[in-house]
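Data from run_1.cif: mmCIF, C-alpha atoms
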data_query
loop_
_atom_site.label_atom_id
_atom_site.label_comp_id
_atom_site.auth_asym_id
_atom_site.auth_seq_id
_atom_site.Cartn_x
_atom_site.Cartn_y
_atom_site.Cartn_z
CA ALA A 100 12.53 -29.59 -10.44
CA GLN A 101 12.26 -33.30 -9.66
CA ASP A 102 13.17 -32.70 -6.02
CA ILE A 103 10.67 -29.84 -5.64
CA ALA A 104 7.94 -31.86 -7.38
CA SER A 105 8.59 -34.80 -5.06
CA LYS A 106 8.42 -32.67 -1.91
CA LEU A 107 5.23 -30.89 -3.02
CA ASP A 108 3.68 -34.03 -4.51
CA ILE A 109 3.11 -32.40 -7.91
CA PHE A 110 4.32 -33.07 -11.46
CA PRO A 111 7.74 -31.68 -12.52
CA ASN A 112 6.09 -29.82 -15.41
CA ALA A 113 4.11 -27.78 -12.86
CA VAL A 114 7.38 -26.82 -11.17
CA TYR A 115 8.88 -25.68 -14.50
CA ARG A 116 5.81 -23.52 -15.24
CA ALA A 117 5.79 -21.93 -11.78
CA ALA A 118 9.56 -21.35 -11.87
CA GLN A 119 9.31 -19.65 -15.26
CA THR A 120 6.86 -17.11 -13.86
CA LEU A 121 9.18 -16.42 -10.90
CA ILE A 122 12.12 -16.05 -13.29
CA GLU A 123 10.19 -13.50 -15.38
CA LEU A 124 9.44 -11.58 -12.19
CA GLU A 125 13.19 -11.70 -11.41
CA LEU A 126 12.59 -13.39 -8.06
CA VAL A 127 14.32 -16.65 -9.03
CA GLU A 128 17.20 -17.45 -11.36
CA LYS A 129 17.98 -20.56 -13.39
CA MET A 130 21.39 -22.08 -12.65
CA ASP A 131 23.75 -23.30 -15.37
CA THR A 132 23.71 -26.88 -14.14
CA TYR A 133 22.52 -30.30 -15.17
CA PRO A 134 20.09 -31.44 -13.98
CA LEU A 135 18.50 -27.98 -14.05
CA GLU A 136 18.45 -26.15 -10.71
CA PHE A 137 16.71 -22.98 -9.53
CA GLN A 138 17.89 -20.50 -6.93
CA ALA A 139 15.98 -17.73 -5.15
CA LYS A 140 17.56 -14.30 -5.49
CA PRO A 141 18.53 -12.35 -2.34
CA ALA A 142 15.43 -10.80 -0.75
CA ASN A 143 16.48 -7.14 -1.22
CA GLU A 144 17.42 -7.69 -4.86
CA ALA A 145 14.23 -9.64 -5.55
CA ILE A 146 12.02 -6.93 -4.02
CA GLU A 147 13.84 -4.19 -5.95
CA ASN A 148 13.44 -6.11 -9.23
CA TYR A 149 9.78 -6.80 -8.59
CA LEU A 150 8.96 -3.16 -7.75
CA VAL A 151 10.69 -1.92 -10.91
CA LEU A 152 8.79 -4.44 -13.04
CA SER A 153 5.52 -3.49 -11.34
CA LYS A 154 6.11 0.20 -11.97
CA ASN A 155 6.94 -0.36 -15.64
CA SER A 156 3.89 -2.59 -16.08
CA PHE A 157 1.64 -0.02 -14.43
CA LEU A 158 2.98 2.82 -16.57
CA LYS A 159 2.53 0.73 -19.70
CA ASN A 160 -1.10 -0.04 -18.91
CA PHE A 161 -2.23 3.32 -17.54
CA SER A 162 -0.22 5.97 -19.38
CA HIS A 163 -2.13 7.97 -22.00
CA VAL A 164 0.27 8.26 -24.93
CA ASP A 165 -0.47 8.82 -28.61
CA LYS A 166 1.38 7.23 -31.55
CA ARG A 167 4.01 9.99 -31.54
CA GLY A 168 4.78 9.34 -27.87
CA GLN A 169 3.07 12.50 -26.61
CA ASN A 170 1.30 12.34 -23.25
CA LEU A 171 -2.40 13.02 -23.70
CA SER A 172 -3.26 13.45 -20.02
CA ASN A 173 -3.95 16.91 -18.71
CA HIS A 174 -1.69 18.32 -16.04
CA SER A 175 -3.93 17.27 -13.14
CA GLN A 176 -3.86 13.62 -14.22
CA LYS A 177 -0.11 13.18 -14.68
CA LEU A 178 1.08 10.11 -12.84
CA SER A 179 3.81 10.14 -10.22
CA ILE A 180 4.75 6.85 -8.54
CA SER A 181 6.99 6.36 -5.50
CA PHE A 182 7.83 3.05 -3.85
CA ILE A 183 7.86 2.51 -0.08
CA LYS A 184 10.01 -0.11 1.62
CA THR A 185 9.63 0.48 5.38
CA ARG A 186 7.09 1.82 7.86
CA SER A 187 9.42 4.70 8.78
CA GLU A 188 9.61 5.70 5.11
CA LEU A 189 5.82 5.56 4.91
CA LEU A 190 5.47 7.83 7.96
CA GLU A 191 8.00 10.30 6.57
CA MET A 192 6.26 10.59 3.19
CA THR A 193 2.73 10.85 4.59
CA ASN A 194 3.88 13.45 7.10
CA SER A 195 5.15 15.56 4.19
CA ASP A 196 1.85 15.23 2.29
CA MET A 197 -0.13 16.16 5.40
CA LYS A 198 1.43 19.61 5.37
CA THR A 199 -0.22 20.46 2.03
CA VAL A 200 -3.58 18.65 2.30
CA GLN A 201 -6.58 21.02 2.22
CA LYS A 202 -9.86 19.11 2.61
CA THR A 203 -9.79 15.43 3.55
CA ILE A 204 -7.53 12.64 4.78
CA ASP A 205 -9.06 9.16 4.73
CA HIS A 206 -7.21 6.19 6.25
CA ILE A 207 -7.46 2.46 6.54
CA VAL A 208 -4.91 1.77 9.28
CA SER A 209 -3.86 -0.96 11.69
CA GLY A 210 -4.92 0.83 14.86
CA LEU A 211 -1.42 0.68 16.33
CA GLU A 212 0.12 3.62 18.15
CA LEU A 213 1.50 6.38 15.91
CA PRO A 214 4.59 8.51 16.60
CA ALA A 215 4.03 11.82 18.38
CA GLU A 216 5.22 13.86 15.38
CA ILE A 217 2.62 12.21 13.14
CA MET A 218 -0.16 12.91 15.64
CA LEU A 219 1.00 16.54 15.78
CA SER A 220 0.73 16.73 11.98
CA TYR A 221 -2.82 15.35 12.20
CA LYS A 222 -3.69 17.98 14.81
CA LYS A 223 -2.30 20.76 12.62
CA ALA A 224 -4.28 19.46 9.63
CA TYR A 225 -7.46 19.35 11.75
CA ASP A 226 -6.85 22.91 12.95
CA ARG A 227 -6.67 23.97 9.28
CA GLY A 228 -10.16 22.54 8.74
CA VAL A 229 -9.14 19.20 7.22
CA GLN A 230 -11.54 16.30 7.88
CA LEU A 231 -9.71 13.19 9.12
CA ARG A 232 -11.39 9.77 9.02
CA PHE A 233 -9.74 6.59 10.32
CA LEU A 234 -10.96 3.08 9.57
CA VAL A 235 -9.02 0.92 12.05
CA GLN A 236 -8.53 -2.82 11.61
CA ASN A 237 -7.81 -3.71 15.23
CA LEU A 238 -10.03 -2.90 18.19
CA ASN A 239 -9.26 -4.25 21.66
CA GLU A 240 -8.86 -3.14 25.25
CA LEU A 241 -5.23 -2.17 24.62
CA ASN A 242 -5.94 0.43 21.93
CA ARG A 243 -9.45 1.54 22.89
CA ASP A 244 -8.20 4.41 25.10
CA MET A 245 -5.82 5.57 22.37
CA LEU A 246 -8.61 5.61 19.78
CA ALA A 247 -10.81 7.52 22.20
CA SER A 248 -8.05 10.15 22.51
CA TRP A 249 -7.94 10.37 18.71
CA GLN A 250 -11.64 11.17 18.72
CA LYS A 251 -11.16 13.84 21.35
CA MET A 252 -8.62 15.48 19.01
CA GLY A 253 -11.34 15.72 16.36
CA LEU A 254 -10.46 12.62 14.33
CA ILE A 255 -13.43 10.49 13.20
CA VAL A 256 -12.66 6.85 14.01
CA ARG A 257 -14.56 3.70 13.04
CA TYR A 258 -13.79 -0.03 13.06
CA PHE A 259 -13.74 -2.52 10.19
CA PRO A 260 -12.32 -6.08 10.41
CA LEU A 261 -8.85 -6.91 9.13
CA LEU A 262 -8.20 -5.83 5.52
CA GLU A 263 -4.43 -6.58 5.62
CA ALA A 264 -3.56 -3.27 4.00
CA ARG A 265 -2.85 0.33 4.86
CA ILE A 266 -4.58 2.87 2.64
CA ILE A 267 -4.29 6.66 2.94
CA ILE A 268 -6.00 9.13 0.61
CA PHE A 269 -5.20 12.85 0.60
CA ASP A 270 -7.85 15.15 -0.93
CA SER A 271 -8.85 12.26 -3.28
CA LYS A 272 -5.67 13.11 -5.23
CA ILE A 273 -2.79 11.27 -3.56
CA LEU A 274 -3.06 7.58 -2.69
CA TYR A 275 -0.89 5.33 -0.53
CA LEU A 276 -1.29 1.55 -0.78
CA THR A 277 0.97 -0.42 1.55
CA SER A 278 1.09 -3.90 3.03
CA TYR A 279 0.04 -4.59 6.59
CA ASN A 280 1.46 -7.53 8.53
CA PRO A 281 -0.02 -7.85 12.05
CA GLN A 282 3.02 -9.92 13.07
CA ASN A 283 5.52 -7.24 12.00
CA LYS A 284 4.26 -3.68 12.27
CA GLU A 285 7.48 -2.27 10.77
CA GLU A 286 6.70 -3.85 7.39
CA ALA A 287 5.26 -1.34 4.93
CA ILE A 288 6.16 -2.33 1.39
CA GLY A 289 3.92 -0.26 -0.83
CA ILE A 290 3.42 2.49 -3.36
CA ARG A 291 2.37 6.15 -3.52
CA PHE A 292 0.29 7.38 -6.46
CA ALA A 293 -0.05 11.10 -7.12
CA ASN A 294 -2.92 10.80 -9.60
CA ALA A 295 -6.49 12.01 -9.02
CA PRO A 296 -8.36 9.36 -11.13
CA ILE A 297 -6.61 6.48 -9.33
CA ALA A 298 -7.05 8.06 -5.90
CA GLN A 299 -10.74 8.67 -6.60
CA GLN A 300 -11.36 5.02 -7.41
CA VAL A 301 -9.90 3.91 -4.08
CA SER A 302 -11.73 6.75 -2.35
CA ASP A 303 -14.99 5.26 -3.64
CA LEU A 304 -13.93 1.91 -2.14
CA PHE A 305 -13.19 3.61 1.18
CA GLU A 306 -16.68 5.13 1.23
CA LYS A 307 -18.27 1.69 0.82
CA LYS A 308 -16.24 0.27 3.71
CA TRP A 309 -16.96 3.36 5.81
CA GLU A 310 -20.71 2.91 5.38
CA VAL A 311 -20.64 -0.60 6.87
CA SER A 312 -18.03 0.07 9.56
CA GLU A 313 -18.76 0.24 13.31
CA PRO A 314 -18.47 3.37 15.49
CA ILE A 315 -15.86 3.34 18.25
CA ILE A 316 -17.74 3.73 21.55
#
Write-out of the structure in structure tokens:
Amino acid sequence: AQDIASKLDIFPNAVYRAAQTLIELELVEKMDTYPLEFQAKPANEAIENYLVLSKNSFLKNFSHVDKRGQNLSNHSQKLSISFIKTRSELLEMTNSDMKTVQKTIDHIVSGLELPAEIMLSYKKAYDRGVQLRFLVQNLNELNRDMLASWQKMGLIVRYFPLLEARIIIFDSKILYLTSYNPQNKEEAIGIRFANAPIAQQVSDLFEKKWEVSEPII
């Protein structure tokens, strides 16, 4: 703690407080040494621990349970949570959901090129009468032609500055929230919620961003 405090030009007590939070999140462990030392856990283990803790915390705060432990939510509001660790996993899961969507798919996406099989799934959804709206975070000469081809397919595309997130909403019932790192497009740590009330809240946020977004010309 003394070494860290010296390098960061802060008091050792601040290091102890910050380390304690990281220990509780299972990202850092306290070593059995004197003086006291801290060690970061391996990245994969730390991410796994953090996602489990996040899921448990979410369930604790949002589950509707009575004193006898019975779930009070109706069937349509039962909560299903899935964690996403890579972009390929994200594409696989969303591709599966696209096969059952009936009315709308709303996206906040990077604007990077999508695999051909995903674009085929979008085309099939459009042919079934599904409305597809894309709010892209990057607009430049490199992707302008691609976005124009999306519009020719029937997708509605608009531009909004960088939000550093990927958001996909299916029928205002299923919600994907994933990270977006412009420096590493393969990163997609995130979560899938199959819960209408949660999806509707984010859908309302999407509508507000959509209203102030710019058309792709």
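If you look at CA of Gly228 in chain A and CA of Lys202 in chain A, they are 7.0 Å away from each other.
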For range 204-220 of chain A, find every residue with an atom within 7 Å (counting all atoms listed in the file), except residues of its own chain fewer than 2 positions away, and show them as a list in words.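 Listed by chain and then number, they are Asn194, Met197, Lys222, Lys223, Ala224, Gln230, Leu231, Arg232, Phe233, Leu234, Val235, Gln236, Asn237, Arg265, Ile266, Ile267, Ile268, Phe269 and Asp270 of chain A.
CA of Ile288 in chain A is found 9.5 Å from CA of Glu188 in chain A.
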Å distance separating CA of Ile255 in chain A from CA of Ile315 in chain A, one decimal place: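 Separation between CA of Ile255 in chain A and CA of Ile315 in chain A: 9.1 Å.
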Determine the nearest neighbour of Tyr133 in chain A from the options A:Ile146, A:Ala100, A:Phe182, A:Val256, counting only C-alpha atoms.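 Checking each candidate against Tyr133 in chain A, we get A:Ala100 as the closest.
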Given all atoms listed in the file as the basis, pick out the residue of A:Ile316, A:Leu190, A:Ile109, A:Ile273 nearest to Ser302 in chain A. A:Ile273
Hey, what's within 12 Å of Ala293 in chain A if we count only C-alpha atoms and toss same-chain stuff fewer than 3 positions away? As a list in words, please?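 In the requested form, the answer reads His174, Ser175, Gln176, Lys177, Leu178, Ser179, Ile180, Ser181, Phe182, Asp196, Ile267, Ile268, Phe269, Asp270, Ser271, Lys272, Ile273, Leu274, Tyr275, Leu276, Ile290, Pro296, Ile297, Ala298 and Gln299 of chain A.
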Here is a test: counting all atoms listed in the file, which residue of A:Ser278, A:Gln119, A:Glu147, A:Tyr225 is nearest to Met252 in chain A?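 That would be A:Tyr225, the residue with the smallest distance to Met252 in chain A.
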Selection: 10 Å around Gln101 in chain A, only C-alpha atoms, excl. self and same-chain fewer than 4 positions, as a VMD selection string: chain A and resid 105 to 107 109 to 112 114 to 115 134 to 136
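Counting only C-alpha atoms, the residue from A:Lys184, A:Lys308, A:Lys140, A:Arg227 that sits nearest to Arg291 in chain A is A:Lys184.
When the distance limit is 10 Å and all atoms listed in the file are what count, the residues near Leu124 in chain A, minus those fewer than 2 positions from it on the same chain, are Ala118, Gln119, Thr120, Leu121, Ile122, Leu126, Val127, Glu128, Ala145, Ile146, Asn148, Tyr149, Leu150, Val151, Leu152 and Ser153 of chain A.
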Hey, which of A:Ser195, A:Ser312, A:Asn239, A:Thr277 ends up closest to Phe292 in chain A? Count all atoms listed in the file.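 The shortest atom-to-atom distance to Phe292 in chain A comes from A:Thr277.
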How about completing range 235-259 of chain A with N, CA and C atoms and giving it to me as an mmCIF file, in the coordinates of the input?
data_model
loop_
_atom_site.group_PDB
_atom_site.id
_atom_site.type_symbol
_atom_site.label_atom_id
_atom_site.label_comp_id
_atom_site.auth_asym_id
_atom_site.auth_seq_id
_atom_site.Cartn_x
_atom_site.Cartn_y
_atom_site.Cartn_z
ATOM 1 N N VAL A 235 -10.052 1.738 11.404
ATOM 2 C CA VAL A 235 -9.020 0.920 12.050
ATOM 3 C C VAL A 235 -9.385 -0.559 11.940
ATOM 4 N N GLN A 236 -8.335 -1.393 11.827
ATOM 5 C CA GLN A 236 -8.530 -2.820 11.610
ATOM 6 C C GLN A 236 -8.406 -3.647 12.882
ATOM 7 N N ASN A 237 -7.941 -3.018 13.947
ATOM 8 C CA ASN A 237 -7.810 -3.710 15.230
ATOM 9 C C ASN A 237 -8.512 -2.903 16.313
ATOM 10 N N LEU A 238 -9.333 -3.564 17.087
ATOM 11 C CA LEU A 238 -10.030 -2.900 18.190
ATOM 12 C C LEU A 238 -10.013 -3.845 19.391
ATOM 13 N N ASN A 239 -9.338 -3.425 20.453
ATOM 14 C CA ASN A 239 -9.260 -4.250 21.660
ATOM 15 C C ASN A 239 -9.076 -3.331 22.872
ATOM 16 N N GLU A 240 -8.970 -3.933 24.016
ATOM 17 C CA GLU A 240 -8.860 -3.140 25.250
ATOM 18 C C GLU A 240 -7.548 -2.358 25.307
ATOM 19 N N LEU A 241 -6.528 -2.833 24.585
ATOM 20 C CA LEU A 241 -5.230 -2.170 24.620
ATOM 21 C C LEU A 241 -5.223 -0.852 23.842
ATOM 22 N N ASN A 242 -5.983 -0.785 22.741
ATOM 23 C CA ASN A 242 -5.940 0.430 21.930
ATOM 24 C C ASN A 242 -7.203 1.278 22.030
ATOM 25 N N ARG A 243 -8.181 0.820 22.814
ATOM 26 C CA ARG A 243 -9.450 1.540 22.890
ATOM 27 C C ARG A 243 -9.269 2.957 23.461
ATOM 28 N N ASP A 244 -8.455 3.087 24.505
ATOM 29 C CA ASP A 244 -8.200 4.410 25.100
ATOM 30 C C ASP A 244 -7.490 5.331 24.117
ATOM 31 N N MET A 245 -6.538 4.767 23.351
ATOM 32 C CA MET A 245 -5.820 5.570 22.370
ATOM 33 C C MET A 245 -6.772 6.081 21.288
ATOM 34 N N LEU A 246 -7.652 5.206 20.809
ATOM 35 C CA LEU A 246 -8.610 5.610 19.780
ATOM 36 C C LEU A 246 -9.584 6.647 20.310
ATOM 37 N N ALA A 247 -9.931 6.522 21.585
ATOM 38 C CA ALA A 247 -10.810 7.520 22.200
ATOM 39 C C ALA A 247 -10.115 8.883 22.248
ATOM 40 N N SER A 248 -8.803 8.885 22.501
ATOM 41 C CA SER A 248 -8.050 10.150 22.510
ATOM 42 C C SER A 248 -7.976 10.741 21.113
ATOM 43 N N TRP A 249 -7.905 9.878 20.091
ATOM 44 C CA TRP A 249 -7.940 10.370 18.710
ATOM 45 C C TRP A 249 -9.241 11.116 18.462
ATOM 46 N N GLN A 250 -10.336 10.538 18.938
ATOM 47 C CA GLN A 250 -11.640 11.170 18.720
ATOM 48 C C GLN A 250 -11.748 12.503 19.447
ATOM 49 N N LYS A 251 -11.148 12.582 20.615
ATOM 50 C CA LYS A 251 -11.160 13.840 21.350
ATOM 51 C C LYS A 251 -10.404 14.931 20.600
ATOM 52 N N MET A 252 -9.383 14.520 19.818
ATOM 53 C CA MET A 252 -8.620 15.480 19.010
ATOM 54 C C MET A 252 -9.425 16.000 17.826
ATOM 55 N N GLY A 253 -10.543 15.312 17.502
ATOM 56 C CA GLY A 253 -11.340 15.720 16.360
ATOM 57 C C GLY A 253 -11.314 14.726 15.213
ATOM 58 N N LEU A 254 -10.515 13.630 15.357
ATOM 59 C CA LEU A 254 -10.460 12.620 14.330
ATOM 60 C C LEU A 254 -11.722 11.754 14.402
ATOM 61 N N ILE A 255 -12.254 11.365 13.254
ATOM 62 C CA ILE A 255 -13.430 10.490 13.200
ATOM 63 C C ILE A 255 -12.918 9.066 13.031
ATOM 64 N N VAL A 256 -13.232 8.198 13.987
ATOM 65 C CA VAL A 256 -12.660 6.850 14.010
ATOM 66 C C VAL A 256 -13.769 5.811 13.989
ATOM 67 N N ARG A 257 -13.625 4.816 13.094
ATOM 68 C CA ARG A 257 -14.560 3.700 13.040
ATOM 69 C C ARG A 257 -13.772 2.405 12.872
ATOM 70 N N TYR A 258 -14.445 1.283 13.101
ATOM 71 C CA TYR A 258 -13.790 -0.030 13.060
ATOM 72 C C TYR A 258 -14.324 -0.873 11.914
ATOM 73 N N PHE A 259 -13.385 -1.536 11.213
ATOM 74 C CA PHE A 259 -13.740 -2.520 10.190
ATOM 75 C C PHE A 259 -12.754 -3.675 10.312
#
